[in-house]
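Peer 1: One structure is given below, represented as structure tokens, and several questions about it will come after.
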Amino acid sequence: MMRKITLSAPAKINLTLDVLGSRPDGYHQIETIMQTISLADGVRITAEPGGGIDVTCAAGREWGAERLPPAGPGNLAHRAAVVLAGVTGGRQGAAIVIEKHIPMAAGLGGGSADAAAVLWGLNRLWGALLSGPELERLGAELGSDVPFCLRGGTVLGRGRGEELEELPDLPSAWVVLVNPRLSLSTAQVYRVWNRRADADLSSAKFLEAQKAGGLARAAGAMANGLEAAAFSLCPEVKAILDRLRRAKGILGACLSGSGPTVFGLAAEKAAAEKAAAEFAAAGHWTRLARTLNRKER
Ligand code: ATP
């Protein structure tokens with residue numbers, strides 16, 4: 001029986017995000033196209049014979065220790081293990097070490113990625129034998145983005161983002177990620193969000209653009225309905241996004257999730273590197289990543 005596994009827990013970006021309205025349960029109804037990217041946390045899981053779950057976090061190379069998520073029960077990865085243990089009877093335990101590379105509260109779904117990796121990994125290590133759909137149902141209890149993180153690739157999410165429809169892979173692209181070294185709480189951004197009268201669905205437009213003109217056209221059709229709310233809480237994000245949109249070789253740029261991370265897509269590595277260097281020189285957290293399809297992840 002396997003006792004240890006090390007997994008890559010990749011981040012996501014939102015190629016489009018429309019907020020359709022608020023719901024009685026406090027969540028918002030959204031429609032979003034999500035995309036897996038190569039920036040990833042490392043999740044090392046060891047199955048322990050006795051019960052009990054232990055979660056610790058380590059800073060990735062470049063990430064300051066002051067910006068780590070909580071160890072122990074406050075970590076979403078811990079909750080994932082507890083939820084799975086509830087299904088399997090909890091006779092076995094686990095020691096989980098998360099190496100953080102994905103910035104926190106940044107709109108890149110880092111906590112959800114870790115939780116999904118734990119569900120998937122412990123399902124194997126504990127021999128729980130849950131199916132993909134069963135794992136995704138458990139994942140939805142943990143967070144709206146967890147089912148997507150289990151699925152990966154290019155996916156349309158509806159409801160809170162947990163009702164998934166697989167889409168054709170986005171043509172492979174370079175992703176320039178820029179974050180002004182700030183965090184934004186998703187709940188706060190939604191509180192500030194205001195319905196726009198002219199709001200229409202950007203996912204349909206994006207898919208039409210992709211069909212008509214591939215990556216270049218699709219990148220120009222990216223949109224995020226939380227942009228105005230994120231800008232009002234964090235004005236620097238608007239300046240970064242405007243600048244990224246004008247950068248040479250950047251086909252389109254957008255806010256990811258509730259921000260504050262923004263990203264630009266490029267077909268050429270050299271253009272992506274040049275744009276990334278420019279933002280790094282300005283003191284922003286900047287990373288180069290690639291889009292990953294479901295099989296590469
Ligand atoms: P989303 O795009 O799904 O809204 P996000 O990228 O904005 O997510 P996360 O990084 O997932 O936000 O984390 C949000 C909060 O969850 C953090 O402020 C942190 O305190 C808490 N948290 C708990 N566990 C984790 C984890 N393993 N990784 C990151 N954050 C975690």
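By convention in this document, the chains of the structure tokens carry letters A, B, ... by their order, each chain's residues are numbered from 1, and ligands are numbered from 1 in the order they are shown.
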Could you list, as a ChimeraX atom specification, all the residues within 7 Å of ligand 1, counting only C-alpha atoms and all ligand atoms?
Peer 2: /A:69-70,74-77,103-112,114-115,145,184-186,257-259
Peer 1: Could you name the residues that touch A:Gly89 at 12 Å or less, counting only C-alpha atoms, but leaving out those on the same chain fewer than 6 positions away, as a list in words?
Peer 2: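 Surrounding residues, per the criterion: Gly51, Gly52, Ala81, Val82, Val83, Trp126, Gly127 and Ala128 of chain A.
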Peer 1: Write the residues you've just listed into a file as a PDB file, in the first residue's frame, and include C-alpha atoms for each of them.
Peer 2:
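Written out: result10.pdb:
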```
ATOM      1  CA  GLY A  51      -6.216   8.937  13.174  1.00  0.00           C
ATOM      2  CA  GLY A  52      -5.420  12.641  13.264  1.00  0.00           C
ATOM      3  CA  ALA A  81      -8.859  15.836   4.971  1.00  0.00           C
ATOM      4  CA  VAL A  82     -11.497  16.034   7.726  1.00  0.00           C
ATOM      5  CA  VAL A  83     -14.349  15.985   5.200  1.00  0.00           C
ATOM      6  CA  TRP A 126      -6.532   5.871   2.229  1.00  0.00           C
ATOM      7  CA  GLY A 127      -7.965   3.598  -0.468  1.00  0.00           C
ATOM      8  CA  ALA A 128     -11.288   5.452  -0.230  1.00  0.00           C
TER       9      ALA A 128
END
```
Peer 1: Applying 10 Å and only C-alpha atoms, which residues near A:Ala267 remain after dropping the ones on its own chain fewer than 2 positions away? List them as a PyMOL selection string.
Peer 2: chain A and resi 171-175+215-216+249-251+265+269-272
Peer 1: Taking N, CA, C and O atoms for each residue, export the selection above as a JSON list (two decimals), in the first residue's frame.
Peer 2:
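Okay, this is what ended up in out_34.json:
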```json
[["chain", "number", "residue", "atom", "x", "y", "z"],
["A", 171, "PRO", "N", -5.96, 27.29, -26.75],
["A", 171, "PRO", "CA", -4.64, 27.08, -27.36],
["A", 171, "PRO", "C", -3.58, 27.47, -26.35],
["A", 171, "PRO", "O", -3.73, 28.47, -25.64],
["A", 172, "SER", "N", -2.52, 26.69, -26.24],
["A", 172, "SER", "CA", -1.48, 26.91, -25.25],
["A", 172, "SER", "C", -0.95, 28.35, -25.29],
["A", 172, "SER", "O", -0.68, 28.89, -26.36],
["A", 173, "ALA", "N", -0.82, 28.97, -24.12],
["A", 173, "ALA", "CA", -0.41, 30.38, -24.07],
["A", 173, "ALA", "C", 0.54, 30.62, -22.90],
["A", 173, "ALA", "O", 0.55, 29.86, -21.93],
["A", 174, "TRP", "N", 1.34, 31.68, -23.01],
["A", 174, "TRP", "CA", 2.14, 32.16, -21.89],
["A", 174, "TRP", "C", 1.28, 33.09, -21.06],
["A", 174, "TRP", "O", 0.45, 33.83, -21.60],
["A", 175, "VAL", "N", 1.48, 33.03, -19.76],
["A", 175, "VAL", "CA", 0.68, 33.83, -18.84],
["A", 175, "VAL", "C", 1.62, 34.69, -18.00],
["A", 175, "VAL", "O", 2.51, 34.16, -17.32],
["A", 215, "LEU", "N", -6.43, 32.06, -30.16],
["A", 215, "LEU", "CA", -5.97, 32.70, -28.93],
["A", 215, "LEU", "C", -6.01, 34.22, -29.01],
["A", 215, "LEU", "O", -6.46, 34.89, -28.08],
["A", 216, "ALA", "N", -5.55, 34.78, -30.13],
["A", 216, "ALA", "CA", -5.43, 36.24, -30.22],
["A", 216, "ALA", "C", -6.78, 36.92, -30.04],
["A", 216, "ALA", "O", -6.91, 37.87, -29.28],
["A", 249, "GLY", "N", 3.06, 42.54, -27.50],
["A", 249, "GLY", "CA", 2.95, 41.08, -27.56],
["A", 249, "GLY", "C", 1.94, 40.50, -26.58],
["A", 249, "GLY", "O", 1.68, 39.30, -26.58],
["A", 250, "ILE", "N", 1.36, 41.35, -25.72],
["A", 250, "ILE", "CA", 0.31, 40.88, -24.81],
["A", 250, "ILE", "C", -1.02, 40.97, -25.57],
["A", 250, "ILE", "O", -1.45, 42.03, -26.00],
["A", 251, "LEU", "N", -1.65, 39.80, -25.77],
["A", 251, "LEU", "CA", -2.84, 39.72, -26.61],
["A", 251, "LEU", "C", -4.10, 40.20, -25.91],
["A", 251, "LEU", "O", -5.08, 40.57, -26.53],
["A", 265, "LEU", "N", -2.07, 37.41, -21.49],
["A", 265, "LEU", "CA", -1.75, 36.22, -22.29],
["A", 265, "LEU", "C", -0.87, 36.62, -23.46],
["A", 265, "LEU", "O", -1.06, 37.68, -24.07],
["A", 269, "LYS", "N", 7.01, 33.52, -26.08],
["A", 269, "LYS", "CA", 7.69, 33.54, -24.79],
["A", 269, "LYS", "C", 8.47, 34.84, -24.58],
["A", 269, "LYS", "O", 8.44, 35.44, -23.50],
["A", 270, "ALA", "N", 9.13, 35.30, -25.64],
["A", 270, "ALA", "CA", 9.97, 36.51, -25.51],
["A", 270, "ALA", "C", 9.14, 37.72, -25.09],
["A", 270, "ALA", "O", 9.56, 38.50, -24.23],
["A", 271, "ALA", "N", 7.95, 37.85, -25.68],
["A", 271, "ALA", "CA", 7.08, 38.98, -25.33],
["A", 271, "ALA", "C", 6.63, 38.88, -23.87],
["A", 271, "ALA", "O", 6.61, 39.86, -23.13],
["A", 272, "ALA", "N", 6.29, 37.66, -23.46],
["A", 272, "ALA", "CA", 5.84, 37.45, -22.07],
["A", 272, "ALA", "C", 6.97, 37.77, -21.10],
["A", 272, "ALA", "O", 6.76, 38.44, -20.08]]
```
Peer 1: What does the distance between atom CA of A:Ser202 and atom CA of A:Leu241 come to in Å, to one decimal place?
Peer 2: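 Rounded to one decimal, the two atoms are 18.1 Å apart.
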Peer 1: Determine which residues of stretch 40-211 of chain A receive a DSSP assignment of alpha helix (DSSP H), computed from the backbone, and state them as a PyMOL selection string.
Peer 2: chain A and resi 76-88+110-125+132-142+146-151+186-192+202-211
Peer 1: Between A:Lys211, A:Lys4, A:His28, A:Arg287, which residue has the minimum interatomic distance to A:Ala47, considering only C-alpha atoms?
Peer 2: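 Of the candidates, the smallest distance to A:Ala47 is held by A:Lys4.
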Peer 1: Using only C-alpha atoms, which of the listed residues (A:Gln188, A:Asn224, A:Ser183, A:Asn293) sits closest to A:Thr32?
Peer 2: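 Distance minimum relative to A:Thr32 lands on A:Asn224.
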Peer 1: Excluding same-chain residues fewer than 5 positions from A:Arg294, what lies within 12 Å of it counting only C-alpha atoms, as a ChimeraX atom specification?
Peer 2: /A:10,34-38,148-155,166-170,172
Peer 1: In Å, how far is it from atom CA of A:Ala228 to atom CA of A:Lys205?
Peer 2: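 Atom-to-atom, atom CA of A:Ala228 and atom CA of A:Lys205 are spaced 19.7 Å apart.
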Peer 1: One decimal, in Å: what's the spacing between atom CA of A:Trp120 and atom CA of A:His78?
Peer 2: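 According to the coordinates, atom CA of A:Trp120 and atom CA of A:His78 are separated by 13.3 Å.
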Peer 1: Apply DSSP to the structure's backbone, then extract all residues of stretch 50-156 of chain A labelled strand (DSSP E) and return them as a list of chain:residue names.
Peer 2: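 Written out, the strand (DSSP E) residues of stretch 50-156 of chain A are A:Ile53, A:Asp54, A:Val55, A:Thr56, A:Cys57, A:Ala58, A:Ala59, A:Gly93, A:Ala94, A:Ala95, A:Ile96, A:Val97, A:Ile98, A:Glu99, A:Lys100, A:Thr154, A:Val155, A:Leu156.
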Peer 1: With only C-alpha atoms as the atoms that count, which of A:Arg297, A:Arg44, A:Arg23, A:Arg290 lies nearest to A:Leu177?
Peer 2: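 Smallest separation from A:Leu177 among the options: A:Arg290.
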Peer 1: For A:Pro133, which of A:Ala218, A:Leu255, A:Pro147, A:Ser232 is the closest residue, counting only C-alpha atoms?
Peer 2: A:Pro147
Peer 1: From the options A:Glu227, A:Glu273, A:Glu236, A:Glu163, which residue's atoms come nearest to A:Val176, counting only C-alpha atoms?
Peer 2: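 Closest candidate: A:Glu273.
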Peer 1: I'd like the neighbourhood of A:Leu39 as a list of chain:residue names, where a residue qualifies if any of its atoms comes within 7 Å (using only C-alpha atoms), though same-chain residues fewer than 5 positions away should be ignored.
Peer 2: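 Near neighbours after the sequence-gap exclusion: A:Pro10, A:Ala11, A:Ile102, A:Ala289.
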